[in-house]
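Printed here is run_24.txt (compact mmCIF, C-alpha atoms):
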```
# COMPACT_ATOMS: atom_id res chain seq x y z
CA MET A 1 0.00 0.00 0.00
CA LEU A 2 2.85 2.38 0.87
CA LEU A 3 4.41 1.99 -2.58
CA GLY A 4 1.04 2.69 -4.20
CA LEU A 5 0.54 5.89 -2.16
CA LEU A 6 4.06 7.08 -2.97
CA LEU A 7 3.40 6.35 -6.64
CA VAL A 8 0.21 8.46 -6.61
CA ALA A 9 2.06 11.34 -4.90
CA TYR A 10 4.87 11.11 -7.46
CA THR A 11 2.31 11.06 -10.25
CA PHE A 12 0.88 14.33 -8.96
CA ASN A 13 4.47 15.61 -8.78
CA PHE A 14 4.92 15.12 -12.51
CA VAL A 15 1.41 16.18 -13.49
CA ASP A 16 2.10 19.54 -11.88
CA ARG A 17 5.67 19.69 -13.15
CA GLN A 18 5.04 18.76 -16.79
CA ILE A 19 1.63 20.27 -17.50
CA LEU A 20 3.40 23.47 -18.51
CA GLY A 21 4.78 21.76 -21.63
CA ILE A 22 1.38 21.13 -23.26
CA LEU A 23 0.17 24.57 -22.17
CA ALA A 24 3.26 26.39 -23.48
CA GLY A 25 1.54 27.39 -26.75
CA PRO A 26 -1.56 28.98 -25.18
CA ILE A 27 0.51 30.62 -22.43
CA LYS A 28 2.98 32.02 -24.97
CA GLU A 29 0.13 33.58 -26.93
CA SER A 30 -1.77 34.82 -23.88
CA LEU A 31 1.20 36.38 -22.07
CA ALA A 32 3.24 37.28 -25.21
CA LEU A 33 6.34 35.27 -24.20
CA SER A 34 9.45 34.25 -26.13
CA ASP A 35 10.81 30.68 -26.31
CA THR A 36 13.58 31.75 -23.92
CA GLN A 37 11.00 32.90 -21.36
CA LEU A 38 9.09 29.65 -21.78
CA GLY A 39 12.33 27.76 -21.25
CA LEU A 40 12.89 29.68 -18.02
CA LEU A 41 9.42 28.72 -16.80
CA GLY A 42 9.95 25.09 -17.71
CA GLY A 43 13.42 24.92 -16.21
CA LEU A 44 15.24 27.40 -14.02
CA ALA A 45 12.14 28.87 -12.34
CA PHE A 46 11.24 25.41 -11.11
CA ALA A 47 14.71 24.01 -10.50
CA ILE A 48 16.55 26.78 -8.69
CA LEU A 49 14.96 26.14 -5.27
CA TYR A 50 13.70 22.64 -6.04
CA SER A 51 17.30 21.50 -6.32
CA THR A 52 18.88 23.46 -3.49
CA LEU A 53 16.14 22.96 -0.87
CA ALA A 54 15.99 19.21 -1.48
CA VAL A 55 19.20 18.63 0.50
CA PRO A 56 18.22 20.34 3.81
CA ILE A 57 14.67 18.94 3.57
CA ALA A 58 16.05 15.42 3.06
CA PHE A 59 18.46 15.97 5.97
CA LEU A 60 15.36 16.77 8.06
CA ALA A 61 13.55 13.71 6.71
CA ASP A 62 16.41 11.46 7.88
CA ARG A 63 15.61 12.68 11.40
CA TRP A 64 11.83 13.26 11.36
CA SER A 65 8.67 11.74 9.88
CA ARG A 66 9.20 11.26 6.18
CA SER A 67 5.47 10.85 5.54
CA TRP A 68 4.80 14.28 7.07
CA VAL A 69 7.52 15.84 4.93
CA ILE A 70 5.95 14.38 1.78
CA THR A 71 2.43 15.43 2.82
CA LEU A 72 3.39 19.05 3.44
CA SER A 73 5.40 19.15 0.24
CA LEU A 74 2.48 17.78 -1.79
CA ALA A 75 0.16 20.46 -0.40
CA ILE A 76 2.63 23.26 -1.17
CA TRP A 77 3.41 22.28 -4.76
CA SER A 78 -0.25 21.64 -5.53
CA GLY A 79 -1.26 25.03 -4.15
CA PHE A 80 1.30 26.87 -6.24
CA THR A 81 0.26 24.90 -9.34
CA ALA A 82 -3.29 26.16 -8.84
CA LEU A 83 -1.97 29.72 -8.47
CA CYS A 84 -0.32 29.46 -11.92
CA GLY A 85 -3.85 29.55 -13.28
CA VAL A 86 -4.39 33.11 -12.07
CA ALA A 87 -1.06 34.57 -13.29
CA THR A 88 -1.34 37.61 -15.55
CA SER A 89 2.33 38.24 -16.36
CA PHE A 90 5.65 36.47 -16.88
CA GLY A 91 6.85 37.65 -13.47
CA GLN A 92 3.84 36.21 -11.65
CA ILE A 93 3.88 32.80 -13.30
CA PHE A 94 7.68 32.66 -12.84
CA LEU A 95 7.25 33.15 -9.06
CA TYR A 96 4.46 30.58 -8.88
CA ARG A 97 6.65 28.05 -10.70
CA VAL A 98 9.37 28.75 -8.14
CA GLY A 99 6.76 27.89 -5.49
CA VAL A 100 5.98 24.61 -7.24
CA GLY A 101 9.69 23.80 -7.09
CA ILE A 102 9.86 24.65 -3.37
CA GLY A 103 7.08 22.17 -2.66
CA GLU A 104 8.41 19.39 -4.85
CA ALA A 105 11.83 19.68 -3.19
CA GLY A 106 10.50 17.62 -0.29
CA GLY A 107 8.80 14.85 -2.21
CA VAL A 108 11.34 12.61 -3.92
CA ALA A 109 14.34 11.98 -1.65
CA PRO A 110 12.22 11.01 1.43
CA SER A 111 10.25 8.65 -0.82
CA TYR A 112 13.47 6.99 -2.01
CA ALA A 113 14.52 6.50 1.61
CA MET A 114 11.14 5.02 2.62
CA ILE A 115 11.32 2.55 -0.26
CA GLY A 116 14.90 1.70 0.72
CA ASP A 117 13.66 0.71 4.20
CA ALA A 118 10.50 -1.05 3.01
CA PHE A 119 12.16 -3.42 0.49
CA PRO A 120 15.22 -5.72 0.70
CA PRO A 121 18.26 -4.87 -1.46
CA GLU A 122 17.52 -7.51 -4.11
CA GLN A 123 14.07 -5.95 -4.76
CA ARG A 124 14.87 -2.24 -4.52
CA ALA A 125 15.49 -1.54 -8.19
CA ARG A 126 12.12 -3.06 -9.10
CA ALA A 127 10.37 -1.20 -6.27
CA LEU A 128 11.99 2.04 -7.37
CA SER A 129 10.98 1.33 -10.96
CA ILE A 130 7.33 1.04 -9.87
CA TYR A 131 7.67 4.30 -7.95
CA SER A 132 9.34 5.89 -10.97
CA LEU A 133 6.26 5.06 -13.05
CA GLY A 134 5.02 8.33 -11.60
CA ILE A 135 7.21 10.09 -14.16
CA PRO A 136 5.62 8.75 -17.38
CA LEU A 137 2.17 8.41 -15.78
CA GLY A 138 2.22 11.91 -14.32
CA SER A 139 3.69 13.43 -17.45
CA ALA A 140 1.10 11.68 -19.63
CA LEU A 141 -1.81 12.67 -17.39
CA GLY A 142 -0.55 16.25 -17.27
CA VAL A 143 -0.31 16.37 -21.05
CA LEU A 144 -3.70 14.72 -21.64
CA ALA A 145 -5.62 16.59 -18.94
CA GLY A 146 -3.91 19.88 -19.70
CA GLY A 147 -4.51 19.56 -23.43
CA TYR A 148 -8.17 18.63 -23.16
CA ILE A 149 -9.03 21.19 -20.49
CA ALA A 150 -7.17 23.97 -22.31
CA ALA A 151 -8.87 23.07 -25.60
CA THR A 152 -12.36 22.94 -24.11
CA VAL A 153 -12.08 25.70 -21.47
CA ASP A 154 -8.70 27.47 -21.17
CA TRP A 155 -5.17 26.97 -19.88
CA ARG A 156 -5.91 28.67 -16.56
CA THR A 157 -8.59 26.12 -15.68
CA ALA A 158 -6.13 23.30 -16.41
CA PHE A 159 -3.70 24.60 -13.76
CA LEU A 160 -6.51 25.09 -11.24
CA ALA A 161 -7.95 21.61 -11.79
CA VAL A 162 -4.74 19.63 -11.32
CA GLY A 163 -3.54 21.81 -8.43
CA LEU A 164 -6.77 21.40 -6.46
CA ALA A 165 -6.75 17.64 -7.10
CA GLY A 166 -3.32 17.39 -5.47
CA LEU A 167 -4.47 19.42 -2.49
CA ALA A 168 -7.37 17.01 -2.00
CA PHE A 169 -5.02 14.00 -2.04
CA ALA A 170 -2.56 15.39 0.55
CA PRO A 171 -4.64 14.55 3.68
CA ILE A 172 -5.47 11.11 2.25
CA PHE A 173 -1.76 10.39 1.87
CA ARG A 174 -1.02 11.45 5.45
CA LEU A 175 -3.80 9.28 6.90
CA CYS A 176 -2.88 6.15 4.94
CA ALA A 177 0.93 6.26 4.52
CA ARG A 178 2.59 4.19 7.26
CA GLU A 179 6.20 5.04 8.04
CA PRO A 180 8.28 1.86 7.45
CA LYS A 181 10.60 0.72 10.21
CA ARG A 182 14.09 1.95 9.54
CA THR A 183 16.65 -0.78 9.08
CA VAL A 184 18.93 -1.68 11.98
CA THR A 185 21.67 0.47 10.48
CA ALA A 186 19.24 3.28 9.78
CA ALA A 187 18.01 3.20 13.37
CA ALA A 188 21.47 4.19 14.56
CA PRO A 189 22.14 7.89 15.19
CA ALA A 190 21.95 9.79 11.91
CA LEU A 191 25.24 10.86 10.41
CA PRO A 192 26.11 14.56 10.57
CA PHE A 193 25.58 16.36 7.29
CA GLY A 194 29.31 16.98 6.86
CA ALA A 195 30.05 13.29 7.33
CA VAL A 196 27.60 12.33 4.57
CA MET A 197 29.15 14.91 2.25
CA ARG A 198 32.65 13.58 2.96
CA ILE A 199 31.54 10.03 2.11
CA LEU A 200 30.01 11.14 -1.19
CA ALA A 201 32.89 13.47 -2.07
CA GLY A 202 35.33 10.56 -1.90
CA LYS A 203 33.34 8.33 -4.22
CA ARG A 204 34.16 8.77 -7.89
CA SER A 205 31.05 6.84 -8.90
CA PHE A 206 28.79 9.40 -7.19
CA TRP A 207 30.08 12.25 -9.32
CA LEU A 208 30.01 10.27 -12.57
CA LEU A 209 26.49 9.00 -11.91
CA SER A 210 25.27 12.45 -10.87
CA PHE A 211 26.66 14.32 -13.88
CA GLY A 212 25.72 11.47 -16.21
CA ALA A 213 22.15 11.66 -14.95
CA ALA A 214 22.21 15.45 -15.23
CA SER A 215 23.27 15.21 -18.87
CA CYS A 216 20.48 12.84 -19.80
CA SER A 217 18.01 14.94 -17.80
CA MET A 218 19.00 17.96 -19.88
CA MET A 219 17.46 16.17 -22.84
CA GLY A 220 14.77 14.26 -20.97
CA TYR A 221 13.21 17.35 -19.43
CA GLY A 222 13.98 19.43 -22.50
CA LEU A 223 12.12 17.00 -24.75
CA ALA A 224 9.26 16.66 -22.28
CA PHE A 225 8.80 20.41 -22.34
CA TRP A 226 9.39 21.16 -26.03
CA LEU A 227 8.12 18.08 -27.88
CA PRO A 228 4.47 19.22 -27.61
CA SER A 229 5.44 22.59 -29.13
CA LEU A 230 7.33 20.77 -31.90
CA MET A 231 4.22 18.78 -32.78
CA LEU A 232 2.18 21.98 -32.92
CA ARG A 233 4.69 23.97 -34.98
CA SER A 234 6.31 21.45 -37.31
CA PHE A 235 3.83 18.57 -37.59
CA GLY A 236 0.60 20.56 -37.79
CA LEU A 237 -1.23 18.92 -34.87
CA ASP A 238 -3.75 20.85 -32.79
CA LEU A 239 -3.69 20.96 -28.99
CA VAL A 240 -5.82 17.85 -28.50
CA GLY A 241 -3.93 15.90 -31.18
CA THR A 242 -0.63 16.87 -29.57
CA SER A 243 -1.82 15.75 -26.13
CA GLN A 244 -2.91 12.39 -27.59
CA PHE A 245 0.40 11.93 -29.43
CA PHE A 246 2.66 12.75 -26.49
CA GLY A 247 0.43 11.22 -23.82
CA GLY A 248 0.21 7.97 -25.78
CA LEU A 249 3.97 7.94 -26.26
CA LEU A 250 4.61 8.39 -22.54
CA LEU A 251 2.06 5.79 -21.47
CA THR A 252 3.49 3.11 -23.77
CA ALA A 253 7.21 3.68 -24.16
CA GLY A 254 7.70 5.48 -20.84
CA VAL A 255 6.10 2.79 -18.71
CA VAL A 256 7.98 0.00 -20.52
CA GLY A 257 11.30 1.83 -20.15
CA VAL A 258 10.92 2.48 -16.42
CA LEU A 259 9.92 -1.11 -15.61
CA ALA A 260 12.62 -2.58 -17.87
CA GLY A 261 15.26 -0.50 -16.12
CA GLY A 262 14.27 -1.86 -12.71
CA TRP A 263 14.17 -5.46 -13.91
CA LEU A 264 17.48 -5.24 -15.77
CA GLY A 265 19.13 -3.50 -12.81
CA ASP A 266 18.13 -6.21 -10.33
CA TRP A 267 18.97 -9.02 -12.77
CA LEU A 268 22.32 -7.88 -14.15
CA GLY A 269 23.36 -6.09 -10.95
CA ARG A 270 23.46 -9.32 -8.96
CA SER A 271 26.68 -10.42 -10.60
CA ASN A 272 28.13 -7.03 -11.61
CA LYS A 273 27.33 -3.77 -9.83
CA GLY A 274 28.58 -1.82 -12.82
CA ALA A 275 25.46 -2.91 -14.71
CA PHE A 276 23.45 -0.35 -12.75
CA ALA A 277 25.22 2.32 -14.81
CA TRP A 278 26.08 0.39 -17.99
CA VAL A 279 22.46 -0.51 -18.81
CA PRO A 280 21.40 3.15 -19.26
CA ALA A 281 24.71 4.01 -20.97
CA VAL A 282 23.95 1.49 -23.72
CA GLY A 283 20.37 2.71 -23.87
CA PHE A 284 21.29 6.34 -24.51
CA THR A 285 23.78 5.34 -27.21
CA ILE A 286 21.02 3.53 -29.10
CA ALA A 287 18.38 6.19 -28.42
CA THR A 288 20.20 9.21 -29.84
CA PRO A 289 20.08 8.43 -33.61
CA LEU A 290 16.49 7.20 -33.30
CA PHE A 291 15.43 10.46 -31.66
CA ILE A 292 17.12 12.40 -34.47
CA ALA A 293 15.26 10.36 -37.08
CA GLY A 294 11.94 10.99 -35.33
CA VAL A 295 12.45 14.72 -34.94
CA MET A 296 13.49 15.10 -38.59
CA SER A 297 10.66 12.98 -40.01
CA SER A 298 7.80 14.62 -41.88
CA SER A 299 5.02 12.20 -40.89
CA VAL A 300 3.20 12.13 -37.55
CA THR A 301 2.86 8.35 -37.78
CA ALA A 302 6.54 7.87 -38.62
CA ALA A 303 7.54 10.17 -35.77
CA PHE A 304 5.45 8.21 -33.26
CA VAL A 305 6.93 4.89 -34.35
CA LEU A 306 10.49 6.25 -34.38
CA PHE A 307 10.06 7.78 -30.92
CA LEU A 308 8.78 4.59 -29.25
CA ILE A 309 12.12 2.81 -28.72
CA PRO A 310 14.25 5.84 -27.74
CA GLN A 311 11.53 7.15 -25.42
CA ALA A 312 11.60 3.82 -23.57
CA LEU A 313 15.40 3.86 -23.46
CA ALA A 314 15.37 7.43 -22.16
CA TYR A 315 13.58 6.24 -19.00
CA ILE A 316 15.62 3.10 -18.42
CA TRP A 317 18.22 4.88 -16.27
CA LEU A 318 15.90 5.83 -13.42
CA ALA A 319 15.69 2.71 -11.23
CA PRO A 320 19.26 1.41 -11.75
CA VAL A 321 21.03 4.71 -11.12
CA ILE A 322 18.81 5.70 -8.18
CA THR A 323 19.35 2.27 -6.65
CA ALA A 324 23.12 2.62 -7.04
CA VAL A 325 23.11 6.00 -5.28
CA GLN A 326 21.21 4.39 -2.36
CA HIS A 327 24.12 1.96 -1.97
CA LEU A 328 26.91 4.53 -1.83
CA VAL A 329 26.18 5.49 1.81
CA PRO A 330 25.04 3.78 5.04
CA ALA A 331 21.26 3.36 5.35
CA MET A 332 20.86 6.23 7.82
CA ALA A 333 22.04 8.68 5.15
CA ARG A 334 19.97 7.54 2.18
CA ALA A 335 17.64 10.53 1.96
CA THR A 336 20.53 12.98 2.22
CA ALA A 337 22.56 11.10 -0.40
CA SER A 338 19.56 10.94 -2.74
CA ALA A 339 18.94 14.66 -2.32
CA SER A 340 22.60 15.43 -3.04
CA PHE A 341 22.36 13.39 -6.23
CA LEU A 342 19.10 15.14 -7.13
CA LEU A 343 20.67 18.55 -6.46
CA ILE A 344 23.18 18.00 -9.27
CA ASN A 345 20.76 16.15 -11.53
CA ASN A 346 17.92 18.62 -11.24
CA LEU A 347 19.81 21.90 -11.05
CA ILE A 348 21.54 21.08 -14.32
CA GLY A 349 18.99 18.83 -16.02
CA VAL A 350 15.70 20.42 -15.00
CA GLY A 351 17.15 23.89 -14.67
CA PHE A 352 18.82 24.21 -18.03
CA GLY A 353 17.38 21.54 -20.36
CA ALA A 354 14.25 23.42 -21.41
CA LEU A 355 16.09 26.76 -21.25
CA PHE A 356 18.96 25.55 -23.45
CA ILE A 357 16.63 24.32 -26.18
CA GLY A 358 14.44 27.44 -25.96
CA ARG A 359 17.41 29.79 -26.16
CA LEU A 360 18.88 27.83 -29.07
CA SER A 361 15.51 27.94 -30.83
CA ASP A 362 15.38 31.73 -30.54
CA ALA A 363 18.96 31.97 -31.82
CA LEU A 364 18.19 29.77 -34.84
CA THR A 365 14.91 31.47 -35.74
CA PRO A 366 16.47 34.03 -38.13
CA GLN A 367 18.00 31.15 -40.12
CA TYR A 368 15.37 28.41 -39.85
CA GLY A 369 12.13 30.30 -39.08
CA SER A 370 9.34 27.99 -37.94
CA GLU A 371 11.72 25.01 -38.07
CA ALA A 372 14.13 26.51 -35.53
CA LEU A 373 12.75 24.44 -32.66
CA ARG A 374 13.23 21.22 -34.66
CA MET A 375 16.88 22.08 -35.31
CA ALA A 376 17.43 23.15 -31.70
CA ILE A 377 16.23 19.77 -30.44
CA VAL A 378 18.47 17.88 -32.89
CA GLY A 379 21.46 20.00 -31.91
CA SER A 380 20.88 19.27 -28.22
CA LEU A 381 20.68 15.48 -28.47
CA GLY A 382 24.44 15.20 -27.96
CA PHE A 383 23.73 15.43 -24.22
CA TYR A 384 22.49 11.82 -24.37
CA LEU A 385 25.85 10.70 -25.76
CA LEU A 386 27.70 12.66 -23.07
CA SER A 387 25.54 10.90 -20.48
CA ALA A 388 26.42 7.50 -21.96
CA ILE A 389 30.14 8.24 -21.60
CA LEU A 390 29.86 9.45 -17.99
CA LEU A 391 27.65 6.55 -16.90
CA GLY A 392 29.93 4.08 -18.63
CA LEU A 393 32.85 5.38 -16.58
CA GLY A 394 30.71 5.44 -13.44
CA GLY A 395 29.93 1.76 -13.79
CA ARG A 396 33.61 0.92 -13.49
CA ALA A 397 33.82 2.68 -10.11
CA LEU A 398 30.67 1.18 -8.56
CA LYS A 399 32.28 -2.10 -7.54
CA ASP A 400 34.65 -0.39 -5.07
CA ASP A 401 32.14 2.19 -3.82
CA TRP A 402 29.15 -0.11 -3.22
CA ILE A 403 27.74 -0.56 0.33
CA ASP A 404 25.23 -3.40 0.86
```
With the file now loaded, output its structure as structure tokens.
Amino acid sequence: MLLGLLLVAYTFNFVDRQILGILAGPIKESLALSDTQLGLLGGLAFAILYSTLAVPIAFLADRWSRSWVITLSLAIWSGFTALCGVATSFGQIFLYRVGVGIGEAGGVAPSYAMIGDAFPPEQRARALSIYSLGIPLGSALGVLAGGYIAATVDWRTAFLAVGLAGLAFAPIFRLCAREPKRTVTAAAPALPFGAVMRILAGKRSFWLLSFGAASCSMMGYGLAFWLPSLMLRSFGLDLVGTSQFFGGLLLTAGVVGVLAGGWLGDWLGRSNKGAFAWVPAVGFTIATPLFIAGVMSSSVTAAFVLFLIPQALAYIWLAPVITAVQHLVPAMARATASASFLLINNLIGVGFGALFIGRLSDALTPQYGSEALRMAIVGSLGFYLLSAILLGLGGRALKDDWID
């Protein structure tokens, strides 16, 4: 039951985080924004405090009730999502997106730690893969609900609807989520923050996994934000058609990729801990040329088919890499270690992925006109190859850094 409740909370996390992507077109027209401003809303506005506050909140969660931390966080991010629906300027919606990031800072790392205590080591990658289904499920629901509500009512109502739904779920989560018993090691006095940082600083695998994940997140979050706009601008779909295209892609390829990553991590990681990093490294290497082919295609059907495999491979990293990070520190420091990993991953990946593509699109507009966004996405896909290199190197270091 706990895993199911955490999954629902994480689904709300990504509904509220990713709904902006499908609403980017109507918001751009309504508030007269540039692609760079949209990129700021989709990235840095959310990530700047989401990333930095996650570490102290997780440090608190290692010492207090993790279920309370998640409940309060859910209520905060949902409330600010609803407020996005009443914004009348770039400055207002920017501040409300910052508020969404503040709330979501307390949701993920405590959940990782609860799962780490609730499941034995040989099942953690699969448990984390089920939890990570919140990413494709939440993203798909945000795209589908946002697209339909915006098409039938307006974009403001879409923000209000999903934000209020999250607020309604927060007390249900608190009443039903039982705090798992911390493991024997975790029940020991929590490590000082400086001690956790010294452990992580001395582990080469932590830095390679963190920056490898950040590189793939640059493209993952960038594509999640800009792919709906690409379908509107370059493929001629309307808002509802775009929501069906992207939502269907996430629900099929995304779910398969997340679950496959957890299964492969647990299976291959039994005999070789490096597999927790090598599985996604191979996946990103295969995904990159397929993404390029899909983006450059001229047919909606061809694009959907070409995107299926790389979209699945783009999600395959989640469970293996997150599981590996859990095993770089003693159990009593899991939430803090996860938040430190997320600080790097999200500040770079979430913060600059959408912004990088948006800024590049604006820069290429004089040369490519309406096709500038297409070319900006293609030019940014090299971040997946950089991620493959970093994760490949990180896998070599995991054997010496692993703590059971």
Query - Counting all atoms listed in the file, the option among A:Val282, A:Leu83, A:Met218, A:Ile389 closest to Gly43 in chain A - result: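 Looking only at the distances to Gly43 in chain A, the closest residue turns out to be A:Met218.
Between CA of Met219 in chain A and CA of Ser30 in chain A there is a distance of 26.8 Å.
If all atoms listed in the file are the atoms counted, then among A:Thr336, A:Thr323, A:Asn345, A:Thr252 the closest residue to Leu128 in chain A is A:Thr323.
Note that the spacing between CA of Pro110 in chain A and CA of Gly79 in chain A amounts to 20.2 Å.
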**Report entry** Selected residue of minimal separation from Tyr50 in chain A among A:Val350, A:Leu3, A:Met332, A:Ile93, counting all atoms listed in the file
**Finding:**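 Smallest separation from Tyr50 in chain A among the options: A:Val350.
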Using only C-alpha atoms, find each residue of range 108-220 of chain A with at least one atom at most 12 Å away from an atom of range 227-234 of chain A; report its shortest atom-to-atom pair and that distance in Å (one decimal), sort the rows by chain and rising residue number, and return the result as JSON lines.
```
{"residue": "A:Ser139", "atom": "CA", "partner": "A:Pro228", "partner_atom": "CA", "distance": 11.7}
{"residue": "A:Ala140", "atom": "CA", "partner": "A:Pro228", "partner_atom": "CA", "distance": 11.5}
{"residue": "A:Gly142", "atom": "CA", "partner": "A:Pro228", "partner_atom": "CA", "distance": 11.9}
{"residue": "A:Val143", "atom": "CA", "partner": "A:Pro228", "partner_atom": "CA", "distance": 8.6}
{"residue": "A:Leu144", "atom": "CA", "partner": "A:Pro228", "partner_atom": "CA", "distance": 11.1}
{"residue": "A:Gly146", "atom": "CA", "partner": "A:Pro228", "partner_atom": "CA", "distance": 11.5}
{"residue": "A:Gly147", "atom": "CA", "partner": "A:Pro228", "partner_atom": "CA", "distance": 9.9}
{"residue": "A:Met219", "atom": "CA", "partner": "A:Leu227", "partner_atom": "CA", "distance": 10.8}
{"residue": "A:Gly220", "atom": "CA", "partner": "A:Leu227", "partner_atom": "CA", "distance": 10.3}
```
Query raised in the report: With all atoms listed in the file as the basis for distance, which of A:Asp238, A:Glu29, A:Asp154, A:Asp16 is at the shortest distance from Glu104 in chain A?
Result: A:Asp16
Query raised in the report: Quick one: distance from CA of Leu308 in chain A to CA of Phe246 in chain A in Å, one decimal?
Result: 10.6 Å
Query raised in the report: Counting all atoms listed in the file, what is within 8 Å of range 285-293 of chain A, bar same-chain residues fewer than 2 positions away, as a ChimeraX atom specification?
Result: /A:281-283,295-297,303,306-307,309-311,313-314,378,381-382,384-385,388
